Amino acid sequence: MGRGILFVTTDQQRFDALGCNGGQVARTPVIDGLAAAGVRFERAHPQNVVCMPSRATMLTGQHVRTHGVWMNGVPLPADAPTVAGLLHEAGWRTGLFGKAHFEPFLDPFLRFAENQMGNSGSTDENGRPHRGFDRMELAGHGPAGLVHYRQWMREHHPEHIGGFFPVLDLSLNVNAEGGGDSGAPQVRYNEVPRHAYHTDWVADRAIEWLHGLETNDDWFCWLSFPDPHHPWDPPSSELHRVPWRDLNLPAGYPEDRAERETALDAKAPHWRRWYDGTLVSNYEAPTHWTPASLTSDQVREVDAMAHIENELIDEALGRVLDALGDQGRTAGTDVVFTTDHGEFQGDHGLLFKGPYHVDSLMRLPLVWRPAPNRHVAPAVVTDPVGLVDLAPTFCRIAGLPVPGWMDGEPLPTSATEATEQERQRVLTEWDSVHPSGVEVHLQTITRDGMVCTRYESGTCHDGTEGELWDLAEDPLQRINLWDDTSRKSLRDDLLADLADALPPRPSNRLRVESPV
Amino acid sequence: MGDRRVDVRREAVIAADPDAVWAIVAAAERQAEWFPGMVTSTVKDDVRTVVAASGAIFLEEILAIDDDTRCFEYRITGPLHLEHHRGRITVEDDPGGTRVVYEQELEPKALAYVLDGALGDALVGLRDLVTDGKTSRAYHDGDA
């Protein structure tokens with residue numbers, strides 16, 4: 001029987017989305033079971049908090065400065081080395097089902113291979129693997145975009161295409177329209193049958209591919225669910241799972257307006273400017289939505305919709321694991337579950353994501369259930385790790401040497417191994433230039449229970465601003481210690497470590513080819 | 001381009017006679033021959049309809065085709081909802097033959113990044129058509 005790696009990702013999912021991480025809303029017994037049998041990471045961070053840079057890191061094992069995808073809309077260079085390519089060359093079968101997003105979505109002239117494949121229905125690049133994947137069947141956030149799922153919906157359920165929330169408006173900005181009961185942005189009640197929703201479609205495509213493998217094939221399957229990224233429009237048949245009116249407000253949402261705004265004012269100035277509607281710094285949140293307008297009921301309803309989507313993901317993953325079990329592949333299969341970045345989901349009075357390096361966006365679920373036939377003891381790792389470590393981990397599982405072009409190192413399988421690896425820090429960076437001219441640049445180091453962010457000069461910052469959070473004393477990140485003189489030596493030490501650990505910026509910045 | 005800021009600007013030098021390049025640029029219905037990812041470009045009166053390989057459609061009003069200044073100017077009128085758009089292609093003399101400047105003004109700005117790379121591709125496509133007679137990817141000759 002061949003070996004297998006099932007790499008499961010979600011999109012824009014919070015650490016507390018899972019029961020095994022203390023989540024109190026969504027029921028996620030499948031992932032919780034993987035965590036109980038494997039390694040659960042308490043402090044996993046992305047190297048960038050939006051999709052394209054983060055996904056490029058997962059695929060390459062490189063920091064953003066190394067692979068060069070510095071913001072959404074920058075395609076990963078066509079010749080970038082990938083872990084899928086390594087596995088393919090080593091004889092592994094490789095497939096990706098769901099959201100790729102290594103290349104821009106908005107592409108009317110079909111300049112990028114992913115969109116050419118999605119538009120034509122081809123599952124490879126003119127007979128060759130694309131980025132190392134023998135087969136790709138792509139989905140996005142609903143039946144929009146140049147993806148295989150759109151074609152499938154057109155063929156099988158055209159009557160339900162209009163039921164999804166349109167992510168972008170007719171001006172190609174992220175849609176600010178509200179819906180549901182509360183008028184929350186990007187919420188809609190969607191009459192699509194559950195079996196036709198993209199979460200189940202992704203699982204179905206992967207299961208069919210797995211069934212086509214030969215018994216002795218080694219295989220790598222990236223099962224890439226597009227949810228719980230907005231829009232929040234799960235099948236209406238599932239709304240009974242989490243009635244939004246019954247939810248408590250999340251701990252990170254300060255319901256009192258004065259308290260909320262005081263906490264925002266303690267942060268770098270772009271936080272409050274976005275909240276007040278006087279700044280649009282990045283493309284990923286609706287241009288015409290003002291966070292200050294967010295109500296408690298809207299927070300509850302978005303929270304409920306996201307958790308419904310989390311449950312659907314858990315159940316879809318369960319079907320894939322069952323299929324592997326039916327094939328007798330469970331014992332030889334490693335399963336790694338994570339996401340590309342987090343979501344505010346009401347924290348700090350905000351939704352969506354952007355240049356904000358706090359736990360809402362940076363602390364990610366990460367679970368690794370090693371192949372049971374390797375008899376790795378269950379563990380919890382609290383030392384910081386990053387998505388940059390995933391590709392080296394896949395190399396280690398496959399018995400391949402970790403190539404020099406990867407920046408990360410294989411994840412530890414125990415707290416002891418993490419200590420031996422001297423895992424002290426994890427790095428996250430953000431650079432963006434909005435078409436309006438707004439520039440934001442920040443870098444963050446997480447070490448010793450502290451999160452330290454420096455802002456470079458741009459159109460919102462003069463280069464002196466920063467944030468320093470003590471995760472033990474202030475887990476909701478409301479007391480900014482950046483200017484606390486008693487922490488100055490610690491802050492300076494973290495900044496020096498950050499400067500030392502970050503790879504150098506590339507001399508030629510890649511071009512932005514699309515907003516997303 | 002008026003007082004507004006140019007949001008996208010690409011230029012290229014083509015080793016060819018400026019009048020030959022201008023003859024192609026000024027023939028509005030020929031754009032799909034040199035703009036990669038355009039399937040067709042048809043003109044009726046002063047409206048050009050472009051169909052992209054993705055199926056997207058752009059309706060464009062042709063504002064000026066000025067043989068004296070070798071300047072082609074147009075604006076996208078739909079179905080995208082743009083508060084403002086101006087596109088301009090200028091064909092200039094250059095020591096290397098011809099300098100082609102392709103500019104766009106946009107409001108809202110989101111489309112700027114979409115068009116930026118496409119315009120770069122388009123100038124390569126224009127060069128290929130002028131110098132090698134090679135038509136672009138996705139171009140569909142209705143007479144073929």
# chains A, B, ... in the order shown; residues from 1 in each chain; ligands from 1

$ interface_residues --of "chain B" --to "chain A" --cutoff "10 Å" --atoms "only C-alpha atoms" --output "compact mmCIF listing (two decimals) with N, CA and C atoms, in the first residue's frame"
# COMPACT_ATOMS: atom_id res chain seq x y z
N ASP B 7 -3.60 56.22 -14.14
CA ASP B 7 -3.49 55.12 -13.19
C ASP B 7 -2.64 53.97 -13.72
N VAL B 8 -2.64 53.80 -15.02
CA VAL B 8 -1.87 52.72 -15.64
C VAL B 8 -1.14 53.30 -16.84
N PHE B 35 -4.23 42.11 -29.05
CA PHE B 35 -4.40 42.18 -27.60
C PHE B 35 -4.63 40.75 -27.09
N PRO B 36 -3.62 40.14 -26.45
CA PRO B 36 -3.76 38.74 -26.01
C PRO B 36 -4.95 38.56 -25.07
N GLY B 37 -5.72 37.53 -25.33
CA GLY B 37 -6.87 37.24 -24.48
C GLY B 37 -8.15 37.89 -24.94
N MET B 38 -8.08 38.67 -26.02
CA MET B 38 -9.31 39.16 -26.64
C MET B 38 -9.69 38.19 -27.75
N VAL B 39 -10.98 37.85 -27.80
CA VAL B 39 -11.45 36.93 -28.84
C VAL B 39 -11.89 37.72 -30.07
N VAL B 51 -14.91 41.14 -26.75
CA VAL B 51 -15.21 39.91 -26.01
C VAL B 51 -13.88 39.29 -25.61
N ALA B 52 -13.72 39.10 -24.29
CA ALA B 52 -12.48 38.52 -23.76
C ALA B 52 -12.59 37.01 -23.71
N ALA B 53 -11.45 36.36 -23.58
CA ALA B 53 -11.41 34.90 -23.59
C ALA B 53 -12.18 34.30 -22.42
N SER B 54 -12.32 35.03 -21.34
CA SER B 54 -13.08 34.56 -20.18
C SER B 54 -14.58 34.64 -20.42
N GLY B 55 -14.98 35.32 -21.50
CA GLY B 55 -16.40 35.57 -21.74
C GLY B 55 -16.81 36.98 -21.33
N ALA B 56 -15.91 37.68 -20.63
CA ALA B 56 -16.21 39.05 -20.22
C ALA B 56 -16.36 39.94 -21.46
N ILE B 57 -17.28 40.90 -21.35
CA ILE B 57 -17.54 41.82 -22.45
C ILE B 57 -17.21 43.24 -21.99
N PHE B 58 -16.58 44.00 -22.86
CA PHE B 58 -16.33 45.41 -22.59
C PHE B 58 -16.98 46.22 -23.72
N GLY B 78 -19.45 50.04 -20.24
CA GLY B 78 -20.22 48.97 -19.60
C GLY B 78 -19.67 47.62 -20.01
N PRO B 79 -20.23 46.53 -19.50
CA PRO B 79 -21.21 46.50 -18.40
C PRO B 79 -20.61 46.77 -17.03
N LEU B 80 -19.28 46.86 -16.93
CA LEU B 80 -18.67 47.27 -15.66
C LEU B 80 -19.19 48.64 -15.27
N HIS B 81 -19.36 48.85 -13.99
CA HIS B 81 -19.79 50.15 -13.50
C HIS B 81 -18.55 50.97 -13.12
N LEU B 82 -18.10 51.79 -14.01
CA LEU B 82 -16.94 52.63 -13.73
C LEU B 82 -17.41 54.08 -13.65
N GLU B 83 -16.99 54.75 -12.58
CA GLU B 83 -17.35 56.17 -12.45
C GLU B 83 -16.63 56.99 -13.50
N LEU B 106 -8.77 55.55 -14.29
CA LEU B 106 -9.84 54.69 -13.78
C LEU B 106 -10.40 55.20 -12.46
N GLU B 107 -11.66 55.07 -12.30
CA GLU B 107 -12.31 55.28 -11.00
C GLU B 107 -13.54 54.39 -10.96
N PRO B 108 -13.68 53.45 -10.03
CA PRO B 108 -12.73 53.13 -8.97
C PRO B 108 -11.46 52.48 -9.51
N LYS B 109 -10.49 52.37 -8.61
CA LYS B 109 -9.15 52.00 -9.04
C LYS B 109 -8.92 50.50 -9.17
N ALA B 110 -9.89 49.70 -8.69
CA ALA B 110 -9.64 48.25 -8.60
C ALA B 110 -9.21 47.65 -9.94
N LEU B 111 -9.77 48.17 -11.01
CA LEU B 111 -9.48 47.58 -12.32
C LEU B 111 -8.05 47.90 -12.79
N ALA B 112 -7.43 48.88 -12.13
CA ALA B 112 -6.10 49.30 -12.61
C ALA B 112 -5.13 48.14 -12.63
N TYR B 113 -5.14 47.35 -11.55
CA TYR B 113 -4.19 46.25 -11.49
C TYR B 113 -4.53 45.16 -12.51
N VAL B 114 -5.81 45.02 -12.85
CA VAL B 114 -6.19 44.02 -13.85
C VAL B 114 -5.66 44.45 -15.22
N LEU B 115 -5.80 45.74 -15.51
CA LEU B 115 -5.44 46.21 -16.84
C LEU B 115 -3.93 46.39 -17.00
N ASP B 116 -3.24 46.64 -15.90
CA ASP B 116 -1.82 46.94 -15.99
C ASP B 116 -1.06 45.83 -16.71
N GLY B 117 -1.20 44.61 -16.22
CA GLY B 117 -0.48 43.50 -16.84
C GLY B 117 -0.99 43.22 -18.24
N ALA B 118 -2.29 43.35 -18.42
CA ALA B 118 -2.87 43.08 -19.74
C ALA B 118 -2.36 44.07 -20.78
N ASP B 121 1.04 43.05 -21.82
CA ASP B 121 0.94 41.96 -22.80
C ASP B 121 0.53 42.49 -24.17
N ARG B 137 -2.94 35.33 -28.89
CA ARG B 137 -3.65 34.22 -28.25
C ARG B 137 -5.13 34.56 -28.11
N ALA B 138 -5.95 33.62 -28.45
CA ALA B 138 -7.41 33.68 -28.28
C ALA B 138 -8.10 34.43 -29.41

$ residues_around --residues "Ala35 (chain A)" --least-positions-apart "3" --cutoff "9 Å" --atoms "only C-alpha atoms" --output "list in words"
Cys20, Val30, Ile31, Asp32, Gly38, Val39, Arg40, Leu366, Val367, Trp368, Arg369, Pro378, Ala379 and Val380 of chain A

$ closest_residue --among "B:Arg99, B:Arg127, B:Arg48, B:Arg10" --to "Ile76 (chain B)" --atoms "only C-alpha atoms"
B:Arg48

$ atom_distance --atom1 "CA of Arg9 (chain B)" --atom2 "CA of Lys134 (chain B)"
24.1 Å

$ residues_around --residues "Ala16 (chain B)" --least-positions-apart "6" --cutoff "9 Å" --atoms "only C-alpha atoms" --output "PyMOL selection string"
chain B and resi 96-98+127+130-131

$ select_by_dssp --residues "region 167-414 of chain A" --states "strand (DSSP E or B)" --output "PyMOL selection string"
chain A and resi 168+174+178-179+184-185+187+190+219-228+232+235+333-339+364-369+379-381+385-386

$ residues_around --residues "Glu105 (chain B)" --least-positions-apart "4" --cutoff "8 Å" --atoms "only C-alpha atoms" --output "PyMOL selection string"
chain B and resi 1+4-8+84-87

$ select_by_dssp --residues "chain B" --states "helix (DSSP H, G or I)" --output "PyMOL selection string"
chain B and resi 18-26+28-34+110-132

$ atom_distance --atom1 "CA of Asp204 (chain A)" --atom2 "CA of Glu343 (chain A)"
26.5 Å

$ residues_around --residues "Ala84 (chain A)" --least-positions-apart "2" --cutoff "12 Å" --atoms "only C-alpha atoms" --output "PyMOL selection string"
chain A and resi 5+7+56+58-61+80-82+86-96+129-136+219-222+390-392+394-395+398

$ write_last_selection --atoms "C-alpha atoms" --output "PDB file, in the first residue's frame"
ATOM      1  CA  ILE A   5      -0.279  12.889   2.586  1.00  0.00           C
ATOM      2  CA  PHE A   7      -3.092  18.249   3.233  1.00  0.00           C
ATOM      3  CA  ALA A  56       2.628  30.646  -1.932  1.00  0.00           C
ATOM      4  CA  MET A  58       2.596  26.799   1.952  1.00  0.00           C
ATOM      5  CA  LEU A  59       3.476  25.558  -1.524  1.00  0.00           C
ATOM      6  CA  THR A  60       7.113  26.628  -1.533  1.00  0.00           C
ATOM      7  CA  GLY A  61       8.187  26.501   2.109  1.00  0.00           C
ATOM      8  CA  ALA A  80       8.875  28.835  -8.664  1.00  0.00           C
ATOM      9  CA  PRO A  81       9.930  25.544  -7.079  1.00  0.00           C
ATOM     10  CA  THR A  82       7.150  23.770  -5.179  1.00  0.00           C
ATOM     11  CA  LEU A  86       9.347  17.658  -5.686  1.00  0.00           C
ATOM     12  CA  LEU A  87       6.851  14.944  -4.829  1.00  0.00           C
ATOM     13  CA  HIS A  88       5.809  14.584  -8.450  1.00  0.00           C
ATOM     14  CA  GLU A  89       9.423  14.160  -9.500  1.00  0.00           C
ATOM     15  CA  ALA A  90       9.820  11.539  -6.771  1.00  0.00           C
ATOM     16  CA  GLY A  91       7.015   9.547  -8.333  1.00  0.00           C
ATOM     17  CA  TRP A  92       4.159  10.628  -6.097  1.00  0.00           C
ATOM     18  CA  ARG A  93       0.717  11.236  -7.545  1.00  0.00           C
ATOM     19  CA  THR A  94      -0.267  14.817  -6.823  1.00  0.00           C
ATOM     20  CA  GLY A  95      -3.651  16.510  -6.862  1.00  0.00           C
ATOM     21  CA  LEU A  96      -5.195  19.767  -5.667  1.00  0.00           C
ATOM     22  CA  PRO A 129       1.395  19.150 -14.233  1.00  0.00           C
ATOM     23  CA  HIS A 130       0.711  22.682 -13.069  1.00  0.00           C
ATOM     24  CA  ARG A 131       3.017  23.737 -10.245  1.00  0.00           C
ATOM     25  CA  GLY A 132       3.712  20.065  -9.637  1.00  0.00           C
ATOM     26  CA  PHE A 133       0.096  18.913  -9.463  1.00  0.00           C
ATOM     27  CA  ASP A 134      -0.902  16.154 -11.871  1.00  0.00           C
ATOM     28  CA  ARG A 135      -4.508  17.162 -11.466  1.00  0.00           C
ATOM     29  CA  MET A 136      -6.205  20.357 -10.354  1.00  0.00           C
ATOM     30  CA  TRP A 219       0.105  10.326  -3.217  1.00  0.00           C
ATOM     31  CA  PHE A 220      -0.201  13.928  -2.077  1.00  0.00           C
ATOM     32  CA  CYS A 221      -3.662  15.439  -2.028  1.00  0.00           C
ATOM     33  CA  TRP A 222      -4.250  19.112  -1.206  1.00  0.00           C
ATOM     34  CA  LEU A 390       4.645  22.782   6.029  1.00  0.00           C
ATOM     35  CA  ALA A 391       6.480  22.040   2.781  1.00  0.00           C
ATOM     36  CA  PRO A 392       9.619  20.850   4.626  1.00  0.00           C
ATOM     37  CA  PHE A 394       5.902  17.063   3.615  1.00  0.00           C
ATOM     38  CA  CYS A 395       9.438  16.398   2.409  1.00  0.00           C
ATOM     39  CA  ALA A 398       8.014  11.494   2.050  1.00  0.00           C
TER      40      ALA A 398
END
